[in-house]
$ cat final21.txt   # compact mmCIF, C-alpha atoms
# COMPACT_ATOMS: atom_id res chain seq x y z
CA MET S 29 60.07 39.48 93.02
CA VAL S 30 62.25 36.37 92.93
CA SER S 31 61.94 34.17 89.85
CA PRO S 32 61.43 30.39 90.09
CA GLY S 33 64.65 28.44 90.44
CA LEU S 34 66.42 30.99 92.66
CA PRO S 35 66.90 30.67 96.42
CA GLU S 36 65.04 32.96 98.83
CA SER S 37 68.06 35.27 99.02
CA GLY S 38 67.38 36.20 95.40
CA LEU S 39 70.86 35.13 94.30
CA PRO S 40 71.77 31.94 92.46
CA VAL S 41 73.57 29.26 94.44
CA SER S 42 76.65 29.73 92.23
CA GLY S 43 77.18 31.89 89.18
CA LEU S 44 74.20 32.78 87.05
CA PRO S 45 70.76 31.18 86.82
CA VAL S 46 70.10 28.91 83.88
CA SER S 47 67.58 29.48 81.14
CA ARG S 48 64.16 27.94 81.71
CA VAL S 49 63.17 28.14 78.02
CA PRO S 50 62.08 24.65 76.89
CA ASP S 51 63.05 22.97 73.64
CA SER S 52 60.91 24.47 70.90
CA ARG S 53 60.20 20.99 69.55
CA ASP S 54 58.25 20.21 72.72
CA ALA S 55 55.62 22.90 72.07
CA PRO S 56 52.24 21.80 70.68
CA ALA S 57 52.06 22.33 66.93
CA LEU S 58 49.86 25.04 65.47
CA ARG S 59 48.92 25.52 61.83
CA TRP S 60 50.32 28.93 60.85
CA GLY S 61 49.27 31.21 58.02
CA ILE S 62 51.91 33.66 56.80
CA MET S 63 50.40 37.04 55.90
CA GLY S 64 52.98 38.85 53.79
CA PRO S 65 55.73 36.67 52.21
CA GLY S 66 58.69 39.02 52.66
CA TRP S 67 62.17 38.72 54.11
CA ILE S 68 61.18 38.22 57.75
CA ALA S 69 58.53 35.67 56.72
CA GLU S 70 61.29 33.68 55.03
CA ARG S 71 63.50 33.80 58.14
CA PHE S 72 60.58 32.85 60.42
CA THR S 73 59.63 29.90 58.21
CA GLU S 74 63.23 28.69 57.99
CA SER S 75 63.58 28.85 61.75
CA VAL S 76 60.37 27.10 62.76
CA GLN S 77 60.84 24.40 60.12
CA ALA S 78 64.39 23.74 61.34
CA TYR S 79 63.90 23.90 65.11
CA SER S 80 60.24 23.24 65.94
CA THR S 81 57.20 21.17 65.06
CA GLN S 82 55.12 24.23 64.08
CA VAL S 83 53.42 23.86 60.70
CA ILE S 84 53.47 26.59 58.08
CA ALA S 85 50.19 25.61 56.45
CA ALA S 86 49.43 28.54 54.16
CA VAL S 87 50.72 31.85 52.86
CA GLY S 88 48.76 34.87 51.69
CA SER S 89 49.80 37.91 49.68
CA ARG S 90 48.19 40.59 47.57
CA SER S 91 50.02 38.85 44.72
CA LEU S 92 49.17 35.20 44.07
CA ASP S 93 52.44 34.80 42.19
CA ARG S 94 54.42 35.90 45.26
CA SER S 95 52.44 33.53 47.47
CA LYS S 96 53.04 30.62 45.11
CA ALA S 97 56.76 31.39 44.89
CA PHE S 98 57.00 31.42 48.69
CA ALA S 99 54.96 28.23 48.98
CA ASP S 100 57.17 26.46 46.42
CA ALA S 101 60.37 27.60 48.15
CA PHE S 102 59.35 26.40 51.61
CA GLY S 103 57.03 23.49 50.92
CA VAL S 104 53.89 25.32 52.07
CA PRO S 105 50.79 23.45 50.85
CA THR S 106 48.43 26.39 50.22
CA ALA S 107 48.94 29.82 48.65
CA TYR S 108 46.34 32.61 48.56
CA GLY S 109 46.24 35.74 46.44
CA SER S 110 44.72 37.98 49.12
CA TYR S 111 44.97 38.61 52.85
CA GLU S 112 41.23 38.07 53.15
CA GLU S 113 41.42 34.52 51.83
CA LEU S 114 44.17 33.64 54.29
CA ALA S 115 42.32 35.22 57.23
CA THR S 116 39.18 33.20 56.56
CA ALA S 117 40.91 29.90 55.72
CA PRO S 118 39.27 27.25 57.94
CA ASP S 119 42.39 25.15 58.54
CA ILE S 120 44.59 27.95 59.97
CA ASP S 121 45.01 28.32 63.75
CA ILE S 122 47.04 31.52 63.82
CA VAL S 123 48.09 34.26 61.41
CA TYR S 124 51.62 35.64 61.49
CA VAL S 125 51.33 39.23 60.27
CA CYS S 126 54.59 40.25 58.59
CA THR S 127 53.42 42.82 56.08
CA PRO S 128 55.09 46.24 55.76
CA HIS S 129 54.75 48.33 58.95
CA ASN S 130 51.97 50.53 57.62
CA VAL S 131 49.76 47.47 57.05
CA HIS S 132 50.30 45.73 60.42
CA HIS S 133 47.20 47.19 62.03
CA GLY S 134 44.83 46.56 59.14
CA ALA S 135 46.12 43.04 58.55
CA ALA S 136 45.88 42.15 62.24
CA VAL S 137 42.31 43.48 62.44
CA LEU S 138 41.41 41.43 59.36
CA ALA S 139 42.65 38.24 61.02
CA ILE S 140 41.11 39.04 64.42
CA ASP S 141 37.73 39.78 62.86
CA ALA S 142 37.94 36.37 61.18
CA GLY S 143 38.41 34.76 64.60
CA LYS S 144 42.08 33.96 64.16
CA HIS S 145 44.85 34.23 66.75
CA VAL S 146 47.56 36.67 65.66
CA LEU S 147 51.28 37.14 66.07
CA ILE S 148 52.17 40.56 64.68
CA GLU S 149 55.68 41.38 63.56
CA LYS S 150 57.21 44.28 65.44
CA PRO S 151 56.19 46.99 65.74
CA ILE S 152 52.66 45.92 66.59
CA GLY S 153 51.37 49.09 64.90
CA LEU S 154 52.46 52.49 63.71
CA ASN S 155 51.58 54.05 67.05
CA ALA S 156 50.13 53.35 70.48
CA ALA S 157 46.57 54.00 69.28
CA GLN S 158 46.83 51.18 66.75
CA ALA S 159 48.42 48.91 69.38
CA ARG S 160 45.61 49.58 71.85
CA ASP S 161 43.01 49.01 69.13
CA ILE S 162 44.50 45.60 68.32
CA ALA S 163 44.54 44.66 72.01
CA ASP S 164 40.93 45.74 72.49
CA ARG S 165 39.72 43.92 69.39
CA ALA S 166 41.54 40.70 70.32
CA LYS S 167 40.08 40.79 73.82
CA ALA S 168 36.56 41.37 72.47
CA ALA S 169 36.97 38.52 69.95
CA GLY S 170 38.43 36.15 72.54
CA VAL S 171 41.56 35.44 70.51
CA PHE S 172 45.28 35.49 71.28
CA ALA S 173 47.38 38.45 70.18
CA ALA S 174 51.04 39.31 70.65
CA GLU S 175 53.82 41.37 69.14
CA ALA S 176 56.68 39.36 67.62
CA MET S 177 59.41 41.11 69.60
CA TRP S 178 61.46 37.94 69.23
CA SER S 179 64.41 38.99 71.38
CA PHE S 180 62.49 38.63 74.64
CA PHE S 181 61.77 34.97 73.85
CA LEU S 182 65.47 34.04 73.59
CA PRO S 183 67.05 31.93 76.37
CA LYS S 184 69.47 34.72 77.35
CA PHE S 185 66.64 37.14 78.05
CA ASP S 186 65.04 34.61 80.38
CA VAL S 187 68.32 34.54 82.30
CA ILE S 188 68.53 38.35 82.28
CA GLY S 189 64.98 38.52 83.62
CA GLN S 190 65.90 36.22 86.49
CA VAL S 191 68.98 38.32 87.25
CA LEU S 192 66.92 41.52 87.39
CA ASP S 193 64.12 39.94 89.43
CA ALA S 194 66.66 38.60 91.93
CA GLY S 195 68.20 42.04 92.41
CA MET S 196 71.71 40.98 91.45
CA LEU S 197 72.40 44.38 89.90
CA GLY S 198 70.98 46.31 92.83
CA THR S 199 68.98 49.42 91.90
CA VAL S 200 69.07 49.94 88.15
CA THR S 201 70.31 53.48 87.50
CA THR S 202 71.04 53.53 83.77
CA VAL S 203 70.19 51.69 80.54
CA LEU S 204 72.17 52.39 77.36
CA ALA S 205 71.06 50.80 74.08
CA GLU S 206 71.71 51.51 70.41
CA TYR S 207 71.09 49.96 67.01
CA GLY S 208 72.38 51.16 63.65
CA GLU S 209 72.65 49.45 60.27
CA HIS S 210 73.69 50.18 56.70
CA PHE S 211 71.04 49.71 54.01
CA GLU S 212 71.19 49.87 50.24
CA ARG S 213 69.37 52.91 48.91
CA SER S 214 66.69 50.71 47.32
CA HIS S 215 65.59 49.30 50.71
CA ARG S 216 62.04 50.02 51.88
CA ILE S 217 63.47 51.75 54.97
CA PHE S 218 64.00 54.81 52.74
CA ASP S 219 60.36 54.88 51.58
CA PRO S 220 58.23 57.45 53.47
CA ALA S 221 55.03 55.76 52.23
CA LEU S 222 56.02 52.58 54.08
CA ALA S 223 56.72 54.34 57.40
CA GLY S 224 60.44 54.22 56.69
CA GLY S 225 63.31 55.43 58.83
CA PRO S 226 65.16 53.52 61.56
CA LEU S 227 62.66 53.84 64.42
CA LEU S 228 60.23 51.03 63.58
CA ASP S 229 62.78 48.65 62.04
CA LEU S 230 65.65 49.13 64.51
CA GLY S 231 64.75 51.57 67.25
CA THR S 232 61.95 49.46 68.68
CA TYR S 233 64.60 47.03 70.00
CA PRO S 234 66.43 49.48 72.29
CA LEU S 235 63.14 51.15 73.23
CA ALA S 236 61.57 47.80 74.13
CA LEU S 237 64.56 46.90 76.30
CA ILE S 238 64.61 50.28 78.05
CA THR S 239 60.88 50.26 78.80
CA GLU S 240 60.99 46.61 79.88
CA VAL S 241 63.70 47.35 82.46
CA LEU S 242 62.66 50.83 83.63
CA GLY S 243 59.01 51.21 82.63
CA ALA S 244 57.58 54.43 81.21
CA PRO S 245 59.73 57.57 81.39
CA GLU S 246 58.61 60.70 83.22
CA ARG S 247 60.65 62.97 80.98
CA LEU S 248 62.05 62.51 77.49
CA CYS S 249 64.15 64.65 75.20
CA ALA S 250 64.54 63.49 71.58
CA PHE S 251 66.60 64.64 68.61
CA GLY S 252 66.08 63.70 64.97
CA GLN S 253 68.13 63.99 61.80
CA PRO S 254 66.41 64.04 58.39
CA HIS S 255 67.42 61.98 55.37
CA GLU S 256 67.31 63.21 51.79
CA SER S 257 64.76 60.50 50.93
CA GLY S 258 62.21 62.15 53.19
CA VAL S 259 62.44 59.68 56.07
CA ASN S 260 64.21 60.16 59.38
CA ALA S 261 67.91 59.20 59.29
CA GLN S 262 68.81 59.17 62.97
CA LEU S 263 67.13 59.46 66.35
CA SER S 264 68.55 59.87 69.83
CA ALA S 265 66.63 60.17 73.08
CA ILE S 266 67.46 60.75 76.73
CA MET S 267 64.89 59.59 79.26
CA GLU S 268 64.34 60.03 83.00
CA PHE S 269 62.28 57.59 85.04
CA PRO S 270 60.60 57.62 88.47
CA GLY S 271 63.29 57.46 91.14
CA GLY S 272 65.87 59.21 88.96
CA SER S 273 67.03 56.37 86.68
CA GLN S 274 68.00 57.39 83.16
CA ALA S 275 68.28 55.83 79.72
CA VAL S 276 69.91 56.79 76.44
CA MET S 277 69.02 55.33 73.04
CA ASN S 278 70.24 55.91 69.50
CA THR S 279 69.15 54.42 66.21
CA HIS S 280 70.07 55.25 62.62
CA LEU S 281 70.39 53.95 59.08
CA HIS S 282 73.85 55.39 58.34
CA ASN S 283 76.02 52.36 59.10
CA PHE S 284 76.51 49.31 61.28
CA THR S 285 77.13 49.78 65.00
CA PRO S 286 78.08 47.30 67.76
CA THR S 287 74.37 47.19 68.75
CA THR S 288 75.16 46.58 72.38
CA ALA S 289 73.10 47.26 75.47
CA THR S 290 74.20 47.95 79.04
CA ILE S 291 72.13 47.83 82.22
CA VAL S 292 73.90 49.61 85.09
CA GLY S 293 72.95 48.92 88.69
CA SER S 294 74.16 50.05 92.08
CA GLU S 295 75.73 46.63 92.69
CA ALA S 296 76.82 45.44 89.23
CA THR S 297 76.73 46.20 85.51
CA LEU S 298 75.26 43.85 82.88
CA THR S 299 76.53 44.22 79.31
CA ILE S 300 74.84 42.29 76.50
CA ASP S 301 77.07 41.29 73.59
CA GLY S 302 76.22 42.85 70.26
CA PRO S 303 73.93 42.49 68.52
CA PHE S 304 72.06 42.51 71.83
CA ASN S 305 68.72 41.62 70.23
CA MET S 306 69.99 38.32 68.77
CA PRO S 307 71.16 35.04 70.34
CA GLY S 308 74.45 35.50 72.18
CA GLY S 309 76.04 36.04 75.55
CA PHE S 310 76.27 38.69 78.24
CA GLU S 311 78.51 39.52 81.20
CA ILE S 312 77.92 40.89 84.68
CA ARG S 313 80.78 42.84 86.28
CA PHE S 314 81.03 43.73 89.96
CA PRO S 315 83.10 46.59 91.42
CA ASP S 316 85.58 44.15 93.02
CA GLY S 317 86.48 42.76 89.59
CA THR S 318 84.32 39.64 89.75
CA ARG S 319 82.77 38.71 86.41
CA LEU S 320 79.92 36.32 85.67
CA ARG S 321 79.55 35.21 82.08
CA HIS S 322 76.50 33.77 80.30
CA ASN S 323 77.70 31.93 77.23
CA GLU S 324 75.21 31.37 74.45
CA ALA S 325 76.12 30.66 70.86
CA ALA S 326 75.84 33.78 68.75
CA GLY S 327 73.17 33.51 66.10
CA GLY S 328 70.63 35.33 64.00
CA HIS S 329 67.00 35.02 63.01
CA LEU S 330 67.32 31.39 61.96
CA GLU S 331 68.59 30.38 65.40
CA GLY S 332 66.14 32.53 67.33
CA LEU S 333 62.73 33.09 65.75
CA HIS S 334 61.47 29.61 66.61
CA TYR S 335 61.46 30.48 70.32
CA GLU S 336 58.66 33.02 69.92
CA ALA S 337 56.61 30.61 67.79
CA ALA S 338 56.93 27.86 70.40
CA ALA S 339 56.07 30.24 73.26
CA VAL S 340 52.97 31.43 71.40
CA ALA S 341 51.89 27.83 70.78
CA ARG S 342 52.29 27.01 74.48
CA ALA S 343 50.35 30.09 75.54
CA ILE S 344 47.45 29.32 73.20
CA ALA S 345 47.38 25.67 74.31
CA ALA S 346 47.19 26.88 77.93
CA GLY S 347 44.26 29.16 77.12
CA SER S 348 46.23 32.40 77.53
CA ALA S 349 45.32 35.48 75.53
CA GLU S 350 48.89 36.79 75.39
CA THR S 351 52.47 35.84 76.21
CA GLN S 352 54.29 36.40 79.48
CA GLN S 353 57.45 37.37 77.59
CA ARG S 354 55.84 40.28 75.70
CA PRO S 355 52.41 41.22 77.09
CA LEU S 356 50.32 43.60 75.03
CA ALA S 357 50.63 46.27 77.74
CA SER S 358 54.40 46.22 77.22
CA SER S 359 54.00 46.61 73.46
CA ILE S 360 51.66 49.56 73.97
CA ARG S 361 54.05 51.19 76.44
CA THR S 362 56.95 50.95 73.97
CA MET S 363 54.81 52.53 71.24
CA GLU S 364 53.78 55.36 73.59
CA VAL S 365 57.45 56.23 74.05
CA ALA S 366 58.06 55.96 70.29
CA ASP S 367 55.10 58.30 69.73
CA GLU S 368 56.63 60.93 72.00
CA ILE S 369 60.02 60.62 70.29
CA ARG S 370 58.34 61.15 66.93
CA ARG S 371 56.31 64.08 68.24
CA GLN S 372 59.46 65.86 69.40
CA ALA S 373 61.36 64.99 66.21
CA GLY S 374 58.45 65.97 63.94
CA ILE S 375 58.06 62.55 62.31
CA GLU S 376 54.70 61.52 60.86
CA PHE S 377 53.72 58.27 59.15
CA PRO S 378 51.06 57.88 56.43
CA GLY S 379 47.93 56.00 57.48
CA GLU S 380 48.12 56.74 61.18
CA GLY S 381 44.48 57.68 61.24
CA ASP S 382 43.44 54.08 60.54
CA ALA S 383 42.89 53.45 64.25
CA PRO S 384 40.96 55.62 66.69
CA ALA S 385 43.12 57.92 68.79
$ encode --input "final21.txt" --output "structure tokens"
Amino acid sequence: MVSPGLPESGLPVSGLPVSRVPDSRDAPALRWGIMGPGWIAERFTESVQAYSTQVIAAVGSRSLDRSKAFADAFGVPTAYGSYEELATAPDIDIVYVCTPHNVHHGAAVLAIDAGKHVLIEKPIGLNAAQARDIADRAKAAGVFAAEAMWSFFLPKFDVIGQVLDAGMLGTVTTVLAEYGEHFERSHRIFDPALAGGPLLDLGTYPLALITEVLGAPERLCAFGQPHESGVNAQLSAIMEFPGGSQAVMNTHLHNFTPTTATIVGSEATLTIDGPFNMPGGFEIRFPDGTRLRHNEAAGGHLEGLHYEAAAVARAIAAGSAETQQRPLASSIRTMEVADEIRRQAGIEFPGEGDAPA
């Protein structure tokens, strides 16, 4: 498949294709309700308030004091002391679910049952069963639902998608992706009750990239390392895909890594600057020494989260039930692979029985 903007040959006229991601300020404004005023909710609110016309209209928490503190800090007009009040608020168009991982499914169902569109912070659920349940419920309710895998909404990933669609790399043979960080011991990532460990916080990024490029693996071999807190400390997986392509991923909470990703093809190799999941550049290298460089200012959540909010607003305005950048089927596929990694590594999360298997 050749993406729009490329000639019939599948190659750009010169150099690399350009991003087709519009200015976030041009997206129609929705009234957003923040469900769970934590760290990522703060970064999301900062980003959309700085770079888009989206309106953060309300915030809901199980603690009214936390909601009011968030509302005061970001100029949000309404604060609720329960998720239920936010879900049923009449002047909210969409709920952004950014609770702890183990509450994503229940919070999303609460909003969907109230007839609200939902954007659910990654991962969409603890497992593929919860992801499928959310997709089924949203379809039955006639509302929009998507996973906030924000990386795929960045301009550089639109360019990467065009490169892959055009066949510039040839046949993709290998994907290598890793993500490690250092966390203070008090961080929730060390709490087994909150589905801690690196997989859901960090590992979903390399897994999402691998499954987006290569699809679902035919074979997978995973290795886990325990942490003294009771969570998993490190995971590695080797995967084989139809046609013989392979992928390798690693994620851990020991220390910071370059967090790079490489897509190897029969004609060229694409290397994404680290951290690969954030705004930044990438380079394509050919065997003859030719290099093509996509330059994009390096950034973090502030510079990037607004793109997913704008894309969601455009999709809802167009009557779509999901986004092209991260369809629900892709989110489910990533969670299916994560489930198999956990099965082999012997990792279980509390509350997984909340959705039908």
$ closest_residue --input "final21.txt" --among "S:Gly64, S:Gly143, S:Pro270, S:Gly258" --to "S:Glu246" --atoms "only C-alpha atoms"
S:Pro270
$ closest_residue --input "final21.txt" --among "S:Ala157, S:Val259, S:Ala173, S:Ala107" --to "S:Thr362" --atoms "all atoms listed in the file"
S:Ala157
$ residues_around --input "final21.txt" --residues "S:Leu92" --least-positions-apart "2" --cutoff "12 Å" --atoms "all atoms listed in the file" --output "list in words"
Gly64, Pro65, Val87, Gly88, Ser89, Arg90, Arg94, Ser95, Lys96, Ala97, Phe98, Ala99, Thr106, Ala107, Tyr108, Gly109, Ser110, Tyr111, Glu113 and Leu114 of chain S
$ closest_residue --input "final21.txt" --among "S:Ile266, S:Ala136, S:Met177, S:Ala366" --to "S:Leu248" --atoms "all atoms listed in the file"
S:Ile266
$ residues_around --input "final21.txt" --residues "S:His280" --least-positions-apart "3" --cutoff "7 Å" --atoms "all atoms listed in the file" --output "JSON, numbers by chain"
{"S": [207, 208, 209, 226, 261, 262, 263]}
$ residues_around --input "final21.txt" --residues "stretch 219-224 of chain S" --least-positions-apart "2" --cutoff "7 Å" --atoms "all atoms listed in the file" --output "PyMOL selection string"
chain S and resi 128-130+216-217+226+258-259+377-378
$ atom_distance --input "final21.txt" --atom1 "atom CA of S:Phe211" --atom2 "atom CA of S:Phe310"
27.1 Å
$ closest_residue --input "final21.txt" --among "S:Asn260, S:Thr290, S:Ser52, S:Asn283" --to "S:Pro234" --atoms "only C-alpha atoms"
S:Thr290
$ closest_residue --input "final21.txt" --among "S:Arg354, S:Arg370, S:Arg165, S:Arg247" --to "S:Asp141" --atoms "only C-alpha atoms"
S:Arg165
$ closest_residue --input "final21.txt" --among "S:Leu154, S:Ile375, S:Ala289, S:Ile344" --to "S:Met363" --atoms "only C-alpha atoms"
S:Leu154
$ atom_distance --input "final21.txt" --atom1 "atom CA of S:Asp367" --atom2 "atom CA of S:Asn155"
6.1 Å
$ residues_around --input "final21.txt" --residues "S:Pro56" --least-positions-apart "4" --cutoff "12 Å" --atoms "all atoms listed in the file" --output "short mmCIF file (atom, residue, chain, number, x, y, z; two decimals) with C-alpha atoms, keeping the file's coordinate frame"
data_model
loop_
_atom_site.label_atom_id
_atom_site.label_comp_id
_atom_site.auth_asym_id
_atom_site.auth_seq_id
_atom_site.Cartn_x
_atom_site.Cartn_y
_atom_site.Cartn_z
CA PRO S 50 62.08 24.65 76.89
CA ASP S 51 63.05 22.97 73.64
CA SER S 52 60.91 24.47 70.90
CA SER S 80 60.24 23.24 65.94
CA THR S 81 57.20 21.17 65.06
CA GLN S 82 55.12 24.23 64.08
CA VAL S 83 53.42 23.86 60.70
CA ASP S 121 45.01 28.32 63.75
CA ALA S 337 56.61 30.61 67.79
CA ALA S 338 56.93 27.86 70.40
CA ALA S 339 56.07 30.24 73.26
CA VAL S 340 52.97 31.43 71.40
CA ALA S 341 51.89 27.83 70.78
CA ARG S 342 52.29 27.01 74.48
CA ALA S 343 50.35 30.09 75.54
CA ILE S 344 47.45 29.32 73.20
CA ALA S 345 47.38 25.67 74.31
CA ALA S 346 47.19 26.88 77.93
#
$ atom_distance --input "final21.txt" --atom1 "atom CA of S:Lys184" --atom2 "atom CA of S:Gly332"
10.8 Å
$ residues_around --input "final21.txt" --residues "S:Leu298" --least-positions-apart "5" --cutoff "6 Å" --atoms "all atoms listed in the file" --output "PyMOL selection string"
chain S and resi 290-291+311-312
$ axis_aligned_box --input "final21.txt" --around "stretch 279-288 of chain S" --padding-each-side "8 Å" --output "AutoDock Vina command-line options"
--center_x 73.6 --center_y 51.0 --center_z 65.4 --size_x 24.9 --size_y 24.8 --size_z 30.0
